[in-house]
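Text of coords.txt (compact mmCIF, C-alpha atoms) as supplied:
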# COMPACT_ATOMS: atom_id res chain seq x y z
CA LEU I 1 -55.99 -76.39 16.89
CA THR I 2 -53.41 -76.18 14.11
CA ASP I 3 -53.43 -78.98 11.54
CA THR I 4 -49.83 -80.16 11.39
CA SER I 5 -50.38 -83.19 9.10
CA MET I 6 -47.98 -83.43 6.17
CA GLN I 7 -48.94 -83.65 2.50
CA LYS I 8 -46.95 -84.35 -0.65
CA ALA I 9 -46.38 -81.52 -3.13
CA VAL I 10 -44.16 -81.26 -6.22
CA VAL I 11 -41.73 -78.33 -5.95
CA ALA I 12 -39.52 -76.68 -8.58
CA ASP I 13 -35.76 -76.86 -7.91
CA ARG I 14 -34.88 -74.23 -10.51
CA LEU I 15 -36.55 -71.74 -12.84
CA ILE I 16 -38.97 -73.45 -15.22
CA PRO I 17 -39.69 -71.18 -18.20
CA LYS I 18 -43.14 -70.91 -19.72
CA GLY I 19 -43.62 -73.62 -22.36
CA ALA I 20 -41.11 -76.03 -20.79
CA SER I 21 -42.05 -79.70 -21.15
CA ALA I 22 -42.63 -81.68 -17.95
CA ASP I 23 -41.45 -84.82 -19.77
CA VAL I 24 -38.11 -83.20 -20.60
CA LEU I 25 -37.78 -81.85 -17.05
CA ALA I 26 -38.38 -85.35 -15.66
CA ARG I 27 -35.80 -86.78 -18.08
CA ASP I 28 -33.18 -84.28 -16.90
CA GLY I 29 -33.58 -85.21 -13.24
CA ALA I 30 -33.82 -82.98 -10.19
CA THR I 31 -35.88 -80.08 -11.61
CA LEU I 32 -39.18 -81.23 -10.12
CA HIS I 33 -39.35 -83.29 -6.96
CA PRO I 34 -42.07 -84.32 -4.51
CA THR I 35 -41.60 -83.00 -0.98
CA GLN I 36 -43.53 -82.99 2.29
CA VAL I 37 -45.29 -79.77 3.31
CA GLY I 38 -47.65 -78.94 6.12
CA HIS I 39 -51.35 -79.28 5.27
CA ASN I 40 -51.91 -75.60 6.02
CA GLN I 41 -49.07 -74.68 3.60
CA LEU I 42 -50.42 -76.72 0.68
CA LYS I 43 -51.46 -74.58 -2.28
CA ALA I 44 -54.86 -75.13 -3.88
CA GLY I 45 -54.58 -77.64 -6.72
CA ALA I 46 -51.07 -78.75 -5.65
CA VAL I 47 -49.66 -81.64 -7.70
CA ALA I 48 -48.54 -84.60 -5.56
CA SER I 49 -46.64 -86.59 -8.21
CA THR I 50 -44.66 -85.77 -11.36
CA ALA I 51 -46.64 -88.52 -13.11
CA GLN I 52 -49.59 -86.11 -13.13
CA LEU I 53 -47.59 -83.78 -15.41
CA GLN I 54 -46.80 -86.28 -18.16
CA GLY I 55 -47.32 -84.77 -21.60
CA LEU I 56 -47.90 -81.26 -20.22
CA VAL I 57 -46.09 -77.92 -20.65
CA ALA I 58 -45.71 -74.98 -18.26
CA THR I 59 -48.27 -72.20 -18.63
CA ARG I 60 -46.06 -69.60 -16.88
CA ASP I 61 -42.57 -69.03 -15.51
CA ILE I 62 -42.24 -71.08 -12.31
CA PHE I 63 -39.58 -70.00 -9.82
CA PRO I 64 -37.35 -72.16 -7.58
CA GLY I 65 -39.12 -73.34 -4.43
CA GLU I 66 -42.64 -72.87 -5.80
CA GLN I 67 -45.19 -75.63 -5.44
CA ILE I 68 -46.56 -76.90 -8.75
CA THR I 69 -50.33 -76.73 -9.20
CA THR I 70 -52.65 -78.13 -11.85
CA ALA I 71 -53.02 -74.59 -13.24
CA ASP I 72 -49.26 -74.34 -13.87
CA PHE I 73 -49.20 -76.99 -16.64
CA THR I 74 -51.49 -77.71 -19.56
CA ARG I 75 -51.79 -80.14 -22.46
CA ALA I 76 -49.33 -79.38 -25.29
CA ASN I 77 -50.74 -78.38 -28.69
CA GLN I 78 -47.83 -80.24 -30.35
CA PRO I 79 -47.09 -83.35 -28.25
CA ILE I 80 -43.80 -84.07 -30.04
CA LEU I 81 -42.38 -80.78 -28.75
CA THR I 82 -42.74 -82.04 -25.18
CA GLN I 83 -39.84 -84.43 -25.94
CA VAL I 84 -37.28 -81.89 -27.16
CA GLN I 85 -35.35 -79.03 -25.60
CA GLY I 86 -32.11 -77.11 -26.04
CA LEU I 87 -30.04 -78.73 -28.80
CA ASP I 88 -32.68 -81.41 -29.44
CA ARG I 89 -34.49 -81.41 -32.76
CA ALA I 90 -37.45 -83.42 -34.08
CA LEU I 91 -36.67 -84.53 -37.64
CA SER I 92 -39.06 -86.39 -39.92
CA VAL I 93 -37.52 -88.92 -42.32
CA SER I 94 -39.39 -90.80 -45.04
CA PHE I 95 -38.90 -94.60 -45.09
CA ASP I 96 -40.30 -97.59 -46.91
CA SER I 97 -41.70 -100.35 -44.71
CA SER I 98 -38.50 -102.41 -44.38
CA HIS I 99 -35.90 -99.65 -44.06
CA GLY I 100 -37.94 -97.75 -41.45
CA LEU I 101 -39.30 -100.72 -39.45
CA ILE I 102 -42.78 -99.47 -40.29
CA GLY I 103 -45.27 -101.25 -38.05
CA GLN I 104 -42.48 -102.44 -35.75
CA ALA I 105 -40.91 -99.26 -34.32
CA ARG I 106 -43.07 -97.33 -31.86
CA ALA I 107 -42.87 -93.94 -30.22
CA GLY I 108 -40.58 -94.31 -27.21
CA ASP I 109 -38.34 -96.94 -28.85
CA PHE I 110 -34.64 -96.30 -29.40
CA VAL I 111 -32.96 -97.10 -32.71
CA ASP I 112 -29.60 -97.07 -34.43
CA VAL I 113 -29.40 -95.33 -37.79
CA MET I 114 -27.38 -96.79 -40.69
CA ALA I 115 -26.63 -95.13 -44.02
CA SER I 116 -25.50 -96.66 -47.31
CA PHE I 117 -23.73 -94.66 -50.04
CA ALA I 118 -22.03 -95.22 -53.37
CA ALA I 119 -18.89 -93.10 -52.99
CA GLN I 120 -16.38 -92.34 -55.72
CA THR I 121 -12.76 -93.30 -55.02
CA SER I 122 -9.73 -91.26 -56.07
CA GLY I 123 -9.38 -93.53 -59.11
CA GLY I 124 -12.90 -92.75 -60.27
CA ALA I 125 -14.39 -96.12 -59.33
CA THR I 126 -17.62 -96.38 -57.35
CA GLN I 127 -17.24 -97.88 -53.89
CA PRO I 128 -20.48 -98.77 -52.04
CA PHE I 129 -20.33 -98.76 -48.25
CA THR I 130 -22.61 -98.83 -45.21
CA ARG I 131 -21.95 -97.31 -41.79
CA VAL I 132 -23.77 -96.74 -38.51
CA ILE I 133 -24.07 -92.95 -38.30
CA MET I 134 -26.11 -92.60 -35.07
CA ARG I 135 -26.90 -94.69 -32.04
CA ASP I 136 -29.55 -94.66 -29.32
CA VAL I 137 -31.90 -92.29 -31.17
CA LEU I 138 -35.40 -91.81 -29.72
CA VAL I 139 -38.41 -92.45 -31.97
CA LEU I 140 -40.89 -89.62 -31.37
CA SER I 141 -43.58 -90.92 -33.71
CA ALA I 142 -43.95 -93.75 -36.21
CA PRO I 143 -46.75 -95.26 -38.32
CA SER I 144 -48.54 -98.16 -36.65
CA SER I 145 -48.61 -100.18 -39.88
CA ALA I 146 -47.36 -100.19 -43.46
CA LYS I 147 -49.43 -98.77 -46.28
CA LYS I 148 -51.36 -101.32 -48.30
CA THR I 149 -50.96 -101.20 -52.06
CA GLY I 150 -51.97 -103.27 -55.03
CA ILE I 151 -55.24 -104.74 -56.23
CA GLY I 152 -57.38 -105.85 -53.34
CA GLY I 153 -55.10 -104.21 -50.82
CA GLY I 154 -52.46 -106.94 -51.01
CA GLY I 155 -48.81 -106.15 -50.37
CA SER I 156 -47.25 -103.17 -48.67
CA GLY I 157 -45.27 -100.25 -49.96
CA GLY I 158 -45.01 -96.50 -50.18
CA SER I 159 -43.01 -94.17 -48.01
CA GLN I 160 -44.10 -93.10 -44.54
CA ASP I 161 -42.60 -90.66 -42.07
CA VAL I 162 -40.81 -91.56 -38.85
CA VAL I 163 -39.94 -88.66 -36.52
CA LEU I 164 -36.64 -89.01 -34.65
CA ARG I 165 -35.10 -86.94 -31.87
CA VAL I 166 -31.60 -85.86 -32.88
CA ASP I 167 -29.31 -83.03 -31.88
CA ALA I 168 -28.57 -80.00 -34.05
CA ARG I 169 -25.45 -81.60 -35.57
CA GLN I 170 -27.07 -84.98 -36.21
CA MET I 171 -30.00 -83.19 -37.87
CA GLN I 172 -27.77 -82.10 -40.75
CA GLU I 173 -26.05 -85.48 -41.04
CA LEU I 174 -29.32 -87.39 -41.14
CA ALA I 175 -30.86 -85.02 -43.70
CA PHE I 176 -27.76 -85.42 -45.89
CA ALA I 177 -27.81 -89.22 -45.59
CA ALA I 178 -31.53 -89.41 -46.40
CA ASP I 179 -31.12 -87.19 -49.50
CA THR I 180 -27.94 -88.70 -50.93
CA GLY I 181 -27.96 -92.32 -49.76
CA LYS I 182 -30.20 -94.95 -48.22
CA VAL I 183 -31.04 -94.89 -44.51
CA TRP I 184 -31.98 -97.86 -42.32
CA LEU I 185 -33.28 -98.07 -38.76
CA ALA I 186 -32.38 -100.90 -36.36
CA LEU I 187 -34.28 -101.38 -33.10
CA ARG I 188 -32.17 -101.44 -29.95
CA PRO I 189 -32.86 -103.74 -26.97
CA LYS I 190 -35.02 -102.24 -24.24
CA THR I 191 -32.28 -102.92 -21.69
CA GLY I 192 -28.64 -103.97 -21.75
CA ALA I 193 -27.83 -102.73 -25.27
CA GLN I 194 -24.11 -102.92 -26.10
CA ASP I 195 -22.28 -100.96 -28.79
CA PRO I 196 -19.24 -102.36 -30.64
CA PRO I 197 -16.79 -99.97 -32.35
CA ILE I 198 -18.17 -98.33 -35.49
CA SER I 199 -16.49 -98.98 -38.84
CA ALA I 200 -17.72 -98.77 -42.43
CA VAL I 201 -18.60 -101.98 -44.26
CA THR I 202 -17.47 -102.23 -47.89
CA LEU I 203 -17.76 -105.10 -50.35
CA GLY I 204 -14.05 -105.82 -50.05
CA ARG I 205 -14.16 -105.90 -46.26
CA LEU I 206 -17.30 -108.03 -46.24
CA LEU I 207 -15.79 -110.63 -48.57
CA ALA I 208 -12.42 -110.62 -46.82
CA GLY I 209 -14.12 -111.30 -43.51
CA SER I 210 -16.28 -114.14 -44.81
CA THR I 211 -15.47 -117.81 -44.28
CA PRO I 212 -14.52 -119.40 -47.66
CA VAL I 213 -17.06 -121.86 -49.03
CA LYS I 214 -15.52 -125.15 -50.24
CA LEU I 215 -17.08 -126.46 -53.44
CA PRO I 216 -17.04 -130.17 -54.40
CA THR I 217 -14.45 -131.09 -57.07
CA THR I 218 -16.77 -133.68 -58.64
CA SER I 219 -20.50 -133.98 -58.89
CA PRO I 220 -22.07 -136.24 -56.23
CA LYS I 221 -23.39 -139.59 -57.41
CA ALA I 222 -27.08 -139.99 -57.92
CA GLY I 223 -28.83 -140.91 -54.73
CA HIS I 224 -25.91 -139.75 -52.54
CA ARG I 225 -26.85 -137.70 -49.50
What does this structure look like when you write it as structure tokens?
Amino acid sequence: LTDTSMQKAVVADRLIPKGASADVLARDGATLHPTQVGHNQLKAGAVASTAQLQGLVATRDIFPGEQITTADFTRANQPILTQVQGLDRALSVSFDSSHGLIGQARAGDFVDVMASFAAQTSGGATQPFTRVIMRDVLVLSAPSSAKKTGIGGGGSGGSQDVVLRVDARQMQELAFAADTGKVWLALRPKTGAQDPPISAVTLGRLLAGSTPVKLPTTSPKAGHR
């Protein structure tokens, strides 16, 4: 008798080059998908779910229509590279504990990147300003806690590296901002994040947009509340 029972197997929808990251393929959508195949057509070591491939990279070129087996993917030597492809870049930026959310940001979080500069105006004056330069940037790796400094280990300080996933254009902008200005990270909500229009904040704009504070014309009497 022929065994006609069906089994799940993950199949490639397009060419998967050697070294391709399963995490990136899953992020991009319909490259790998589970399908039903006859038991007698199931390859040895066939993978039944894309979850089994998390953190792995292809060991060979895999062609469209091929079933994926456990021998086709292996653990990556550089895990960060499983999160980038094409125009993506992994860029390490040095932050102090407050500017880089050290101990707060985790791998897998998304952040906005702000940069502050002291620019020179046409009249020669220095004009400080801050602007959001990137949004929805993936944190690839981040320190779990701030460095301890000082006698007895009290306090925190020192610079530590956070690795961000940016594209090839953003890579240059972020490197420039980190070298010539001050860069901040802001954690985004896990879901439902909204983005207002971006505009630079200057001292003049900040003060002009503030509500005036009314000061008393005479000193209050003793005991008055």
What does the structure give for the distance between atom CA of Ser145 of chain I and atom CA of Ser97 of chain I, in Å to one decimal?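 Separation between atom CA of Ser145 of chain I and atom CA of Ser97 of chain I: 8.4 Å.
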How close does segment 85-106 of chain I get to segment 185-195 of chain I? List, as JSON lines, each residue of segment 85-106 of chain I within 7 Å, its nearest atom pair and the distance in Å to one decimal, counting only C-alpha atoms.
{"residue": "I:His99", "atom": "CA", "partner": "I:Leu185", "partner_atom": "CA", "distance": 6.1}
{"residue": "I:Gly100", "atom": "CA", "partner": "I:Leu185", "partner_atom": "CA", "distance": 5.4}
{"residue": "I:Leu101", "atom": "CA", "partner": "I:Leu185", "partner_atom": "CA", "distance": 6.6}
Would you mind telling me which residue in I:Ser21, I:Asn77, I:Ser199, I:Ser94 lies nearest to Val57 of chain I when using all atoms listed in the file?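 Ranked by minimum distance to Val57 of chain I, first place goes to I:Ser21.
The smallest atom-to-atom distance between Gly158 of chain I and any of I:Ala178, I:Ile102, I:Ala200, I:Met114, using only C-alpha atoms, is found for I:Ile102.
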Which is closer to Ile198 of chain I than all the others in I:Ser49, I:Ser144, I:Thr130, I:Ser98, using all atoms listed in the file?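 For Ile198 of chain I, the nearest of the candidates is I:Thr130.
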Quick one: everything within 12 Å of Arg27 of chain I, counting only C-alpha atoms, minus sequence neighbours fewer than 6 positions away in the same chain. Send it as a ChimeraX atom specification. /I:21,50,54,82-85
Residue nearest Ala107 of chain I - candidates I:Val162, I:Leu81, I:Leu87, I:Ala119, atoms counted: all atoms listed in the file: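 Once distances to Ala107 of chain I are computed over all atoms listed in the file, the minimum belongs to I:Val162.
Closest approach to Asn40 of chain I among I:Val93, I:Val132, I:Val139, I:Met6 is made by I:Met6 (distances from only C-alpha atoms).
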From the set I:Asp96, I:Asp112, I:Asp13, I:Glu173, which residue has the shortest atom-to-atom contact distance to Gly65 of chain I, counting all atoms listed in the file?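 Smallest separation from Gly65 of chain I among the options: I:Asp13.
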So which residues are close to (-42.9, -80.3, 7.2), meaning at most 12 Å away in the file's coordinates with all atoms listed in the file counted, and can you show them as number ranges by chain? I: 3-9, 35-42
Export: segment 68-105 of chain I, N, CA and C atoms, as a PDB file, in the first residue's frame:
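Here's the written file selection_30.pdb:
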ATOM      1  N   ILE I  68      13.352  22.579   2.208  1.00  0.00           N
ATOM      2  CA  ILE I  68      14.460  22.984   3.076  1.00  0.00           C
ATOM      3  C   ILE I  68      14.704  21.882   4.101  1.00  0.00           C
ATOM      4  N   THR I  69      15.959  21.487   4.247  1.00  0.00           N
ATOM      5  CA  THR I  69      16.311  20.478   5.248  1.00  0.00           C
ATOM      6  C   THR I  69      17.225  21.089   6.306  1.00  0.00           C
ATOM      7  N   THR I  70      17.409  20.368   7.392  1.00  0.00           N
ATOM      8  CA  THR I  70      18.267  20.854   8.475  1.00  0.00           C
ATOM      9  C   THR I  70      19.708  21.023   8.020  1.00  0.00           C
ATOM     10  N   ALA I  71      20.107  20.307   6.963  1.00  0.00           N
ATOM     11  CA  ALA I  71      21.478  20.424   6.458  1.00  0.00           C
ATOM     12  C   ALA I  71      21.670  21.676   5.597  1.00  0.00           C
ATOM     13  N   ASP I  72      20.556  22.322   5.204  1.00  0.00           N
ATOM     14  CA  ASP I  72      20.651  23.471   4.307  1.00  0.00           C
ATOM     15  C   ASP I  72      20.962  24.771   5.027  1.00  0.00           C
ATOM     16  N   PHE I  73      20.798  24.800   6.362  1.00  0.00           N
ATOM     17  CA  PHE I  73      21.050  26.008   7.143  1.00  0.00           C
ATOM     18  C   PHE I  73      21.892  25.655   8.349  1.00  0.00           C
ATOM     19  N   THR I  74      22.719  26.610   8.770  1.00  0.00           N
ATOM     20  CA  THR I  74      23.584  26.386   9.925  1.00  0.00           C
ATOM     21  C   THR I  74      23.676  27.662  10.743  1.00  0.00           C
ATOM     22  N   ARG I  75      24.201  27.531  11.956  1.00  0.00           N
ATOM     23  CA  ARG I  75      24.348  28.679  12.851  1.00  0.00           C
ATOM     24  C   ARG I  75      25.350  29.663  12.278  1.00  0.00           C
ATOM     25  N   ALA I  76      25.005  30.966  12.309  1.00  0.00           N
ATOM     26  CA  ALA I  76      25.881  32.004  11.761  1.00  0.00           C
ATOM     27  C   ALA I  76      27.065  32.262  12.685  1.00  0.00           C
ATOM     28  N   ASN I  77      28.245  32.464  12.098  1.00  0.00           N
ATOM     29  CA  ASN I  77      29.429  32.814  12.889  1.00  0.00           C
ATOM     30  C   ASN I  77      29.314  34.227  13.455  1.00  0.00           C
ATOM     31  N   GLN I  78      28.641  35.125  12.711  1.00  0.00           N
ATOM     32  CA  GLN I  78      28.427  36.500  13.145  1.00  0.00           C
ATOM     33  C   GLN I  78      26.920  36.753  13.176  1.00  0.00           C
ATOM     34  N   PRO I  79      26.281  36.544  14.329  1.00  0.00           N
ATOM     35  CA  PRO I  79      24.817  36.633  14.409  1.00  0.00           C
ATOM     36  C   PRO I  79      24.240  37.944  13.898  1.00  0.00           C
ATOM     37  N   ILE I  80      24.957  39.059  14.076  1.00  0.00           N
ATOM     38  CA  ILE I  80      24.429  40.348  13.628  1.00  0.00           C
ATOM     39  C   ILE I  80      24.188  40.343  12.124  1.00  0.00           C
ATOM     40  N   LEU I  81      25.036  39.634  11.379  1.00  0.00           N
ATOM     41  CA  LEU I  81      24.897  39.617   9.922  1.00  0.00           C
ATOM     42  C   LEU I  81      23.638  38.896   9.462  1.00  0.00           C
ATOM     43  N   THR I  82      22.996  38.136  10.344  1.00  0.00           N
ATOM     44  CA  THR I  82      21.744  37.494   9.954  1.00  0.00           C
ATOM     45  C   THR I  82      20.604  38.502   9.864  1.00  0.00           C
ATOM     46  N   GLN I  83      20.831  39.749  10.323  1.00  0.00           N
ATOM     47  CA  GLN I  83      19.779  40.765  10.333  1.00  0.00           C
ATOM     48  C   GLN I  83      19.927  41.791   9.216  1.00  0.00           C
ATOM     49  N   VAL I  84      20.948  41.648   8.371  1.00  0.00           N
ATOM     50  CA  VAL I  84      21.173  42.646   7.323  1.00  0.00           C
ATOM     51  C   VAL I  84      21.281  41.972   5.966  1.00  0.00           C
ATOM     52  N   GLN I  85      20.862  42.713   4.937  1.00  0.00           N
ATOM     53  CA  GLN I  85      21.007  42.245   3.565  1.00  0.00           C
ATOM     54  C   GLN I  85      20.933  43.452   2.641  1.00  0.00           C
ATOM     55  N   GLY I  86      21.359  43.258   1.393  1.00  0.00           N
ATOM     56  CA  GLY I  86      21.216  44.312   0.390  1.00  0.00           C
ATOM     57  C   GLY I  86      21.822  45.635   0.824  1.00  0.00           C
ATOM     58  N   LEU I  87      21.003  46.664   0.919  1.00  0.00           N
ATOM     59  CA  LEU I  87      21.463  48.004   1.302  1.00  0.00           C
ATOM     60  C   LEU I  87      21.597  48.179   2.805  1.00  0.00           C
ATOM     61  N   ASP I  88      21.198  47.173   3.591  1.00  0.00           N
ATOM     62  CA  ASP I  88      21.340  47.270   5.044  1.00  0.00           C
ATOM     63  C   ASP I  88      22.805  47.304   5.443  1.00  0.00           C
ATOM     64  N   ARG I  89      23.076  48.027   6.531  1.00  0.00           N
ATOM     65  CA  ARG I  89      24.401  48.032   7.132  1.00  0.00           C
ATOM     66  C   ARG I  89      24.255  47.952   8.649  1.00  0.00           C
ATOM     67  N   ALA I  90      25.223  47.313   9.306  1.00  0.00           N
ATOM     68  CA  ALA I  90      25.285  47.284  10.766  1.00  0.00           C
ATOM     69  C   ALA I  90      26.359  48.267  11.198  1.00  0.00           C
ATOM     70  N   LEU I  91      25.954  49.327  11.893  1.00  0.00           N
ATOM     71  CA  LEU I  91      26.890  50.390  12.279  1.00  0.00           C
ATOM     72  C   LEU I  91      26.933  50.509  13.793  1.00  0.00           C
ATOM     73  N   SER I  92      28.138  50.489  14.340  1.00  0.00           N
ATOM     74  CA  SER I  92      28.334  50.623  15.776  1.00  0.00           C
ATOM     75  C   SER I  92      28.584  52.092  16.121  1.00  0.00           C
ATOM     76  N   VAL I  93      27.843  52.588  17.117  1.00  0.00           N
ATOM     77  CA  VAL I  93      27.977  53.972  17.564  1.00  0.00           C
ATOM     78  C   VAL I  93      28.228  53.967  19.065  1.00  0.00           C
ATOM     79  N   SER I  94      29.171  54.795  19.506  1.00  0.00           N
ATOM     80  CA  SER I  94      29.528  54.862  20.919  1.00  0.00           C
ATOM     81  C   SER I  94      28.648  55.897  21.632  1.00  0.00           C
ATOM     82  N   PHE I  95      28.038  55.486  22.756  1.00  0.00           N
ATOM     83  CA  PHE I  95      27.144  56.351  23.519  1.00  0.00           C
ATOM     84  C   PHE I  95      27.516  56.318  25.000  1.00  0.00           C
ATOM     85  N   ASP I  96      27.212  57.419  25.702  1.00  0.00           N
ATOM     86  CA  ASP I  96      27.225  57.340  27.154  1.00  0.00           C
ATOM     87  C   ASP I  96      25.881  56.756  27.586  1.00  0.00           C
ATOM     88  N   SER I  97      25.714  56.528  28.889  1.00  0.00           N
ATOM     89  CA  SER I  97      24.557  55.758  29.350  1.00  0.00           C
ATOM     90  C   SER I  97      23.233  56.451  29.068  1.00  0.00           C
ATOM     91  N   SER I  98      23.176  57.780  29.174  1.00  0.00           N
ATOM     92  CA  SER I  98      21.901  58.470  28.969  1.00  0.00           C
ATOM     93  C   SER I  98      21.586  58.671  27.494  1.00  0.00           C
ATOM     94  N   HIS I  99      22.560  59.099  26.699  1.00  0.00           N
ATOM     95  CA  HIS I  99      22.309  59.355  25.283  1.00  0.00           C
ATOM     96  C   HIS I  99      21.969  58.077  24.514  1.00  0.00           C
ATOM     97  N   GLY I 100      22.531  56.942  24.928  1.00  0.00           N
ATOM     98  CA  GLY I 100      22.327  55.687  24.199  1.00  0.00           C
ATOM     99  C   GLY I 100      21.353  54.731  24.843  1.00  0.00           C
ATOM    100  N   LEU I 101      20.618  55.204  25.897  1.00  0.00           N
ATOM    101  CA  LEU I 101      19.664  54.326  26.591  1.00  0.00           C
ATOM    102  C   LEU I 101      20.330  53.035  27.053  1.00  0.00           C
ATOM    103  N   ILE I 102      21.575  53.151  27.505  1.00  0.00           N
ATOM    104  CA  ILE I 102      22.324  51.964  27.911  1.00  0.00           C
ATOM    105  C   ILE I 102      21.614  51.288  29.090  1.00  0.00           C
ATOM    106  N   GLY I 103      21.357  50.004  28.952  1.00  0.00           N
ATOM    107  CA  GLY I 103      20.624  49.267  29.974  1.00  0.00           C
ATOM    108  C   GLY I 103      19.129  49.274  29.755  1.00  0.00           C
ATOM    109  N   GLN I 104      18.644  50.127  28.849  1.00  0.00           N
ATOM    110  CA  GLN I 104      17.218  50.208  28.546  1.00  0.00           C
ATOM    111  C   GLN I 104      16.902  49.633  27.164  1.00  0.00           C
ATOM    112  N   ALA I 105      17.670  50.045  26.150  1.00  0.00           N
ATOM    113  CA  ALA I 105      17.466  49.528  24.792  1.00  0.00           C
ATOM    114  C   ALA I 105      18.000  48.107  24.705  1.00  0.00           C
TER     115      ALA I 105
END
